[in-house]
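Colleague: model_30.csv is the file, holding CSV, C-alpha atoms:
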```
chain,number,residue,atom,x,y,z
G,1,MET,CA,-4.5,-18.7,2.4
G,2,CYS,CA,-2.3,-18.3,5.5
G,3,ARG,CA,-1.9,-21.5,7.5
G,4,ASP,CA,-2.1,-21.0,11.3
G,5,TRP,CA,1.2,-19.3,12.1
G,6,ALA,CA,2.5,-17.6,15.2
G,7,GLU,CA,5.7,-16.0,16.4
G,8,THR,CA,6.6,-14.4,19.7
G,9,MET,CA,9.6,-12.7,21.1
G,10,LYS,CA,10.5,-11.2,24.5
G,11,GLU,CA,13.5,-9.2,25.5
G,12,ASN,CA,13.9,-7.0,28.6
G,13,ASP,CA,10.5,-5.3,28.9
G,14,PHE,CA,9.7,-5.5,25.2
G,15,ALA,CA,7.4,-8.2,23.8
G,16,ALA,CA,6.1,-8.9,20.3
G,17,GLN,CA,3.5,-11.4,19.1
G,18,ALA,CA,2.3,-12.2,15.7
G,19,THR,CA,-0.4,-14.6,14.5
G,20,ALA,CA,-1.7,-15.2,11.0
G,21,SER,CA,-4.8,-16.6,9.4
G,22,ASP,CA,-6.9,-15.9,6.3
G,23,ARG,CA,-4.3,-13.7,4.6
G,24,ARG,CA,-4.2,-11.4,7.6
G,25,ILE,CA,-1.4,-11.1,10.1
G,26,GLN,CA,-2.0,-9.5,13.6
G,27,VAL,CA,1.0,-8.1,15.4
G,28,SER,CA,1.1,-6.8,18.9
G,29,LEU,CA,4.0,-4.8,20.4
G,30,THR,CA,4.3,-3.9,24.1
G,31,GLY,CA,6.8,-2.3,26.4
G,32,THR,CA,9.8,-0.3,25.2
G,33,ALA,CA,11.5,-0.7,21.8
G,34,ASP,CA,15.0,0.7,22.3
G,35,LEU,CA,18.6,-0.1,21.4
G,36,THR,CA,18.6,-3.2,23.6
G,37,VAL,CA,16.0,-5.0,21.4
G,38,LYS,CA,16.9,-3.6,17.9
G,39,CYS,CA,18.4,-6.8,16.6
G,40,GLN,CA,15.5,-8.9,17.8
G,41,LEU,CA,13.0,-6.5,16.3
G,42,ASP,CA,14.8,-6.6,13.0
G,43,ARG,CA,14.6,-10.4,13.0
G,44,PHE,CA,10.9,-10.3,14.0
G,45,LEU,CA,9.9,-7.9,11.2
G,46,ARG,CA,11.9,-9.9,8.7
G,47,ASP,CA,10.0,-13.0,9.8
G,48,ILE,CA,6.6,-11.2,9.5
G,49,HIS,CA,7.5,-10.0,6.0
G,50,SER,CA,8.5,-13.5,5.0
G,51,GLU,CA,5.3,-15.0,6.3
G,52,ALA,CA,3.3,-12.2,4.6
G,53,GLN,CA,5.0,-13.0,1.3
G,54,ARG,CA,4.5,-16.7,1.7
G,55,CYS,CA,0.8,-16.5,2.4
G,56,LEU,CA,0.1,-13.5,0.1
G,57,ALA,CA,-1.2,-11.5,3.0
G,58,GLU,CA,-3.5,-8.6,2.3
G,59,GLU,CA,-3.0,-6.8,5.5
G,60,VAL,CA,-0.8,-6.7,8.6
G,61,THR,CA,-2.2,-5.0,11.6
G,62,VAL,CA,0.3,-3.7,14.1
G,63,ASP,CA,-1.1,-2.9,17.5
G,64,VAL,CA,1.2,-0.5,19.3
G,65,ARG,CA,-1.2,0.8,21.9
G,66,GLN,CA,0.8,-0.8,24.7
G,67,LEU,CA,4.2,0.2,23.3
G,68,GLU,CA,5.4,2.9,25.7
G,69,PHE,CA,8.3,4.1,23.5
G,70,MET,CA,10.1,3.4,20.3
G,71,ASN,CA,13.6,4.8,19.6
G,72,SER,CA,14.9,6.0,16.3
G,73,SER,CA,17.0,2.8,15.8
G,74,CYS,CA,13.8,0.7,16.0
G,75,LEU,CA,12.0,3.2,13.7
G,76,LYS,CA,14.7,2.4,11.2
G,77,SER,CA,13.6,-1.3,11.4
G,78,PHE,CA,10.1,-0.2,10.4
G,79,VAL,CA,11.5,2.0,7.6
G,80,TRP,CA,13.2,-1.1,6.3
G,81,TRP,CA,10.0,-3.1,6.5
G,82,ILE,CA,7.9,-0.4,4.8
G,83,GLY,CA,10.6,-0.1,2.0
G,84,ALA,CA,10.5,-3.9,1.6
G,85,VAL,CA,6.8,-3.9,1.1
G,86,GLN,CA,7.0,-0.9,-1.3
G,87,GLU,CA,9.4,-2.9,-3.4
G,88,GLN,CA,6.8,-5.7,-4.0
G,89,VAL,CA,4.5,-5.7,-6.9
G,90,GLY,CA,1.1,-7.3,-7.4
G,91,ASP,CA,0.1,-9.9,-4.7
G,92,GLY,CA,3.4,-9.4,-2.9
G,93,ARG,CA,2.2,-6.0,-1.6
G,94,TYR,CA,0.1,-5.7,1.5
G,95,ARG,CA,-1.3,-3.0,3.7
G,96,ILE,CA,0.1,-2.1,7.1
G,97,VAL,CA,-2.3,-0.8,9.6
G,98,PHE,CA,-1.0,0.7,12.9
G,99,VAL,CA,-3.4,0.7,15.8
G,100,SER,CA,-2.3,3.5,18.1
G,101,SER,CA,-3.2,5.2,21.3
G,102,PRO,CA,-3.8,8.9,21.5
G,103,THR,CA,-2.5,9.0,25.1
G,104,VAL,CA,1.0,7.6,24.2
G,105,TYR,CA,2.7,10.7,22.9
G,106,TRP,CA,5.4,9.3,20.6
G,107,GLN,CA,2.9,7.5,18.6
G,108,ARG,CA,1.1,10.4,16.8
G,109,ARG,CA,4.3,12.0,15.7
G,110,SER,CA,6.4,8.9,14.8
G,111,LEU,CA,3.6,7.0,13.2
G,112,ASN,CA,2.6,10.0,11.0
G,113,ALA,CA,6.2,10.2,10.0
G,114,LEU,CA,6.3,6.6,9.0
G,115,ALA,CA,2.9,6.9,7.2
G,116,CYS,CA,4.3,9.8,5.1
G,117,LEU,CA,6.9,7.4,3.7
G,118,ALA,CA,4.2,5.2,2.1
G,119,ASN,CA,0.7,6.6,2.3
G,120,GLU,CA,-0.5,4.1,-0.3
G,121,ILE,CA,0.2,1.1,2.0
G,122,ILE,CA,0.1,2.5,5.6
G,123,SER,CA,-2.9,3.6,7.6
G,124,ILE,CA,-3.2,4.6,11.3
G,125,GLN,CA,-6.2,3.8,13.5
G,126,ALA,CA,-6.3,5.9,16.7
Z,127,MET,CA,4.9,24.8,39.9
Z,128,PRO,CA,4.3,28.6,39.4
Z,129,GLU,CA,4.7,29.9,35.9
Z,130,GLN,CA,8.1,31.5,36.3
Z,131,GLN,CA,9.7,28.6,38.1
Z,132,ALA,CA,12.1,26.2,36.5
Z,133,LEU,CA,13.5,22.9,37.3
Z,134,SER,CA,16.9,21.6,36.3
Z,135,PHE,CA,19.2,18.7,37.2
Z,136,GLY,CA,22.4,17.1,36.1
Z,137,LEU,CA,23.6,13.5,36.0
Z,138,GLN,CA,26.8,11.7,35.4
Z,139,ILE,CA,26.2,8.3,34.0
Z,140,GLN,CA,27.8,5.5,32.2
Z,141,PRO,CA,26.7,5.6,28.5
Z,142,GLN,CA,25.2,2.1,28.5
Z,143,PRO,CA,22.2,1.0,26.4
Z,144,ARG,CA,20.3,-0.4,29.4
Z,145,MET,CA,20.6,3.0,31.2
Z,146,VAL,CA,18.9,5.0,28.4
Z,147,SER,CA,15.2,4.1,29.0
Z,148,ILE,CA,15.7,4.2,32.8
Z,149,VAL,CA,16.9,7.8,32.5
Z,150,ARG,CA,14.1,8.8,30.1
Z,151,ARG,CA,11.5,7.4,32.4
Z,152,PHE,CA,13.1,9.3,35.3
Z,153,VAL,CA,12.9,12.5,33.3
Z,154,GLU,CA,9.3,11.9,32.2
Z,155,GLU,CA,8.1,11.1,35.7
Z,156,SER,CA,10.0,13.9,37.4
Z,157,PHE,CA,8.7,16.6,35.0
Z,158,GLU,CA,5.2,15.3,34.6
Z,159,LYS,CA,4.6,16.0,38.3
Z,160,LEU,CA,5.7,19.6,37.9
Z,161,VAL,CA,4.8,20.6,34.4
Z,162,GLY,CA,1.2,20.5,33.1
Z,163,ASP,CA,2.2,20.2,29.4
Z,164,SER,CA,2.6,16.4,28.8
Z,165,ASP,CA,3.5,17.0,25.2
Z,166,ALA,CA,6.3,19.3,26.2
Z,167,VAL,CA,7.6,16.7,28.7
Z,168,PHE,CA,7.5,14.0,26.0
Z,169,ARG,CA,9.5,16.2,23.6
Z,170,VAL,CA,12.2,16.8,26.2
Z,171,SER,CA,12.3,13.1,27.2
Z,172,LEU,CA,12.5,12.1,23.5
Z,173,ALA,CA,15.6,14.3,23.2
Z,174,VAL,CA,17.1,12.8,26.4
Z,175,HIS,CA,16.6,9.3,25.0
Z,176,GLU,CA,18.0,9.9,21.6
Z,177,LEU,CA,21.0,11.8,22.8
Z,178,LEU,CA,21.8,9.2,25.5
Z,179,GLU,CA,21.6,6.4,22.9
Z,180,ASN,CA,24.0,8.3,20.6
Z,181,ALA,CA,26.4,8.4,23.6
Z,182,ALA,CA,25.8,4.7,24.3
Z,183,LYS,CA,26.7,3.9,20.7
Z,184,TYR,CA,29.5,6.3,19.9
Z,185,ALA,CA,31.0,7.9,23.1
Z,186,VAL,CA,34.6,7.2,24.1
Z,187,GLY,CA,35.1,6.6,27.9
Z,188,ASP,CA,32.7,5.7,30.6
Z,189,LYS,CA,31.3,9.0,31.6
Z,190,THR,CA,28.5,11.0,30.1
Z,191,GLY,CA,27.1,14.2,31.5
Z,192,LEU,CA,23.4,15.0,31.1
Z,193,SER,CA,21.8,18.2,32.2
Z,194,VAL,CA,18.1,19.1,31.7
Z,195,TYR,CA,16.5,22.5,32.2
Z,196,PHE,CA,12.7,23.0,32.0
Z,197,GLU,CA,10.6,26.0,32.7
Z,198,ALA,CA,7.2,25.4,34.2
Z,199,SER,CA,5.5,27.0,31.2
Z,200,GLY,CA,7.0,24.3,28.9
Z,201,ARG,CA,8.1,27.1,26.6
Z,202,THR,CA,11.8,26.9,27.4
Z,203,ALA,CA,13.7,23.7,27.8
Z,204,SER,CA,17.2,22.5,27.1
Z,205,VAL,CA,18.9,19.1,27.2
Z,206,LYS,CA,22.7,19.0,27.2
Z,207,LEU,CA,24.7,15.9,26.8
Z,208,THR,CA,28.5,15.9,27.1
Z,209,ASN,CA,30.9,13.1,26.4
Z,210,GLN,CA,34.3,12.3,24.9
Z,211,ALA,CA,34.3,11.3,21.2
Z,212,THR,CA,36.8,10.5,18.4
Z,213,PRO,CA,37.7,13.3,15.9
Z,214,GLU,CA,36.0,11.2,13.2
Z,215,HIS,CA,32.7,11.0,15.2
Z,216,ILE,CA,32.9,14.7,16.0
Z,217,ALA,CA,33.3,15.6,12.3
Z,218,ARG,CA,30.3,13.4,11.4
Z,219,LEU,CA,28.2,15.0,14.2
Z,220,ARG,CA,29.1,18.5,13.0
Z,221,ALA,CA,28.1,17.6,9.4
Z,222,CYS,CA,24.9,16.0,10.5
Z,223,ILE,CA,23.8,18.8,12.8
Z,224,ASP,CA,24.7,21.4,10.2
Z,225,GLU,CA,22.6,19.5,7.6
Z,226,ILE,CA,19.6,19.1,10.0
Z,227,GLN,CA,19.7,22.7,11.3
Z,228,GLY,CA,20.3,24.0,7.8
Z,229,SER,CA,17.0,22.7,6.7
Z,230,GLU,CA,14.1,25.1,6.8
Z,231,GLU,CA,11.7,22.2,6.9
Z,232,PRO,CA,12.7,19.8,9.8
Z,233,CYS,CA,9.9,17.3,8.9
Z,234,VAL,CA,11.0,17.1,5.3
Z,235,MET,CA,14.6,16.6,6.4
Z,236,TYR,CA,13.4,13.9,8.8
Z,237,GLN,CA,11.6,12.1,5.9
Z,238,THR,CA,14.7,12.5,3.7
Z,239,LEU,CA,16.9,10.9,6.4
Z,240,MET,CA,14.4,8.1,6.9
Z,241,ARG,CA,14.5,7.3,3.2
Z,242,ARG,CA,18.3,7.5,3.2
Z,243,THR,CA,18.6,5.0,6.0
Z,244,PHE,CA,16.7,2.3,4.1
Z,245,GLY,CA,18.9,-0.8,4.0
Z,246,ILE,CA,21.9,0.7,5.9
Z,247,GLN,CA,22.9,0.0,9.4
Z,248,GLU,CA,25.6,2.6,10.1
Z,249,GLU,CA,25.3,6.0,11.7
Z,250,SER,CA,22.5,7.9,10.1
Z,251,GLY,CA,21.7,10.9,12.2
Z,252,LEU,CA,18.0,9.9,12.3
Z,253,GLY,CA,17.8,10.3,16.1
Z,254,LEU,CA,19.0,13.9,15.8
Z,255,ALA,CA,16.6,14.6,13.0
Z,256,ARG,CA,13.8,13.2,15.1
Z,257,ILE,CA,14.7,15.5,18.0
Z,258,ARG,CA,14.3,18.5,15.6
Z,259,ALA,CA,11.2,17.3,13.8
Z,260,GLU,CA,9.2,15.4,16.4
Z,261,GLY,CA,10.7,17.1,19.4
Z,262,GLU,CA,10.6,20.6,17.9
Z,263,LEU,CA,14.0,21.4,19.4
Z,264,ASP,CA,16.9,23.2,17.9
Z,265,LEU,CA,20.3,21.4,17.9
Z,266,SER,CA,23.7,22.9,18.4
Z,267,LEU,CA,27.2,21.5,19.1
Z,268,GLU,CA,29.9,22.7,21.4
Z,269,ILE,CA,33.4,21.2,20.9
Z,270,GLU,CA,36.4,21.5,23.2
Z,271,GLY,CA,39.2,19.1,22.2
Z,272,SER,CA,37.8,15.7,22.3
Z,273,THR,CA,34.9,16.8,24.5
Z,274,VAL,CA,31.6,17.3,22.7
Z,275,THR,CA,28.3,18.7,24.0
Z,276,ILE,CA,25.1,18.4,22.0
Z,277,VAL,CA,22.5,20.9,23.0
Z,278,ALA,CA,18.8,20.5,22.2
Z,279,SER,CA,16.7,23.5,23.1
Z,280,CYS,CA,13.2,24.8,22.6
Z,281,MET,CA,12.4,26.7,19.4
Z,282,PRO,CA,10.8,30.1,19.5
Z,283,SER,CA,7.0,29.6,19.3
Z,284,GLY,CA,6.9,31.2,15.8
Z,285,ARG,CA,8.8,28.2,14.4
Z,286,ARG,CA,6.7,25.4,15.8
Z,287,HIS,CA,5.6,22.8,13.3
Z,288,HIS,CA,3.9,19.4,13.4
Z,289,VAL,CA,4.8,16.1,11.9
```
Starting from the file, lay out its structure as structure tokens.
Modeller:
Amino acid sequence: MCRDWAETMKENDFAAQATASDRRIQVSLTGTADLTVKCQLDRFLRDIHSEAQRCLAEEVTVDVRQLEFMNSSCLKSFVWWIGAVQEQVGDGRYRIVFVSSPTVYWQRRSLNALACLANEIISIQA
Amino acid sequence: MPEQQALSFGLQIQPQPRMVSIVRRFVEESFEKLVGDSDAVFRVSLAVHELLENAAKYAVGDKTGLSVYFEASGRTASVKLTNQATPEHIARLRACIDEIQGSEEPCVMYQTLMRRTFGIQEESGLGLARIRAEGELDLSLEIEGSTVTIVASCMPSGRRHHV
């Protein structure tokens, strides 16, 4: 079971928060994910993956409804994360659920593209 | 804005990462007031963002020229970005755009590039593939010495596709 765990980061107008409990991790991203926050986002996603591995998480929910834009460099960060989850076997694998907004235009196209990489672990809630 | 009207503008900016989102928001806000098709505005602003980021990462010199043209109907649009680049970068750009444009299935190419970028940090061309797949824009390259212009423009309606 996950102990209580939390992580936050803020850079420019981008902010990320993660909390964990009961083998579930909740992530919230807001603002703009662009080149200026790529390194921080990489580190943040690595930390989430580490925590998910440590507590044998079943699911990580990523709420992007308030994320105005994500550039291709930051999409690559998510590609790395998805690939890292796909490489896991057994309990090391977990689902990633994106919670999206139909009124934020980048989300439908970009999240669908990410989901196509790994339909077996990714789902999108609109 | 009446159907036949168009809006265009040009900017000379320093290719700095912190400028990219500022310019994208400017494009979005300007065109949203004039064009009813929010999705078309998003596709153009996506191209502006990805092209400017490419310039911020790889351009030589401190000037980048951006021009955007948009018809009120949303059917015709173009984004042009001009900057100086090294011969090596121009060669990589040419190869990348040839590969992306050479694909009959932009979304499949986009997925292929995504998988190829797994675990690598260097130049991948993913932003350009995104412009073609998500932005539904064609890409072309104009080269004159060390000056390179990338053009992203609307596809004919018959070739529209969705990710």
Colleague: Return as a PyMOL selection string the residues belonging to chain G that are within 9 Å of chain Z, counting all atoms listed in the file.
Modeller: chain G and resi 32+34-36+69+71-73+75-77+79-81+83+105-106+108-110+112-114+116-117
Colleague: Pick the closest to Phe196 of chain Z from Z:Leu177, Z:Val170, Z:Ala211, Z:Ala221: which is it, counting only C-alpha atoms?
Modeller: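 Once distances to Phe196 of chain Z are computed over only C-alpha atoms, the minimum belongs to Z:Val170.
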Colleague: Quick one: everything within 9 Å of Ile121 of chain G, counting all atoms listed in the file, minus sequence neighbours fewer than 5 positions away in the same chain. Send it as an mmCIF file with C-alpha atoms, in the coordinates of the input.
Modeller:
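Output saved as part-v2.cif:
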```cif
data_model
loop_
_atom_site.group_PDB
_atom_site.id
_atom_site.type_symbol
_atom_site.label_atom_id
_atom_site.label_comp_id
_atom_site.auth_asym_id
_atom_site.auth_seq_id
_atom_site.Cartn_x
_atom_site.Cartn_y
_atom_site.Cartn_z
ATOM 1 C CA ILE G 82 7.900 -0.400 4.800
ATOM 2 C CA VAL G 85 6.800 -3.900 1.100
ATOM 3 C CA GLN G 86 7.000 -0.900 -1.300
ATOM 4 C CA ARG G 93 2.200 -6.000 -1.600
ATOM 5 C CA TYR G 94 0.100 -5.700 1.500
ATOM 6 C CA ARG G 95 -1.300 -3.000 3.700
ATOM 7 C CA ILE G 96 0.100 -2.100 7.100
ATOM 8 C CA VAL G 97 -2.300 -0.800 9.600
ATOM 9 C CA ALA G 115 2.900 6.900 7.200
#
```
Colleague: Could you work out how far atom CA of Cys55 of chain G lies from atom CA of Arg24 of chain G, giving the answer in Å with one decimal?
Modeller: 8.8 Å
Colleague: Rounded to one decimal, what separation in Å do you get between atom CA of Ser266 of chain Z and atom CA of Glu158 of chain Z?
Modeller: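 Between these atoms lies a distance of 25.7 Å.
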Colleague: If you measure from atom CA of Val174 of chain Z to atom CA of Leu239 of chain Z, what distance in Å do you get, rounded to one decimal?
Modeller: 20.1 Å
Colleague: For each of G:Glu11, G:Glu120, G:Asp22, G:Asp4, take the minimum atom-to-atom distance to Cys39 of chain G, counting only C-alpha atoms, then give the residue where this is smallest.
Modeller: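 Residue with the minimum atom-to-atom distance to Cys39 of chain G: G:Glu11.
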Colleague: Need to verify the contact set: Asp188 of chain Z, 8 Å, only C-alpha atoms, exclusion of same-chain residues closer than 4 positions in sequence. Can you return it as a PDB file with C-alpha atoms, in the frame of the given file?
Modeller:
```pdb
ATOM      1  CA  ILE Z 139      26.200   8.300  34.000  1.00  0.00           C
ATOM      2  CA  GLN Z 140      27.800   5.500  32.200  1.00  0.00           C
ATOM      3  CA  PRO Z 141      26.700   5.600  28.500  1.00  0.00           C
TER       4      PRO Z 141
END
```
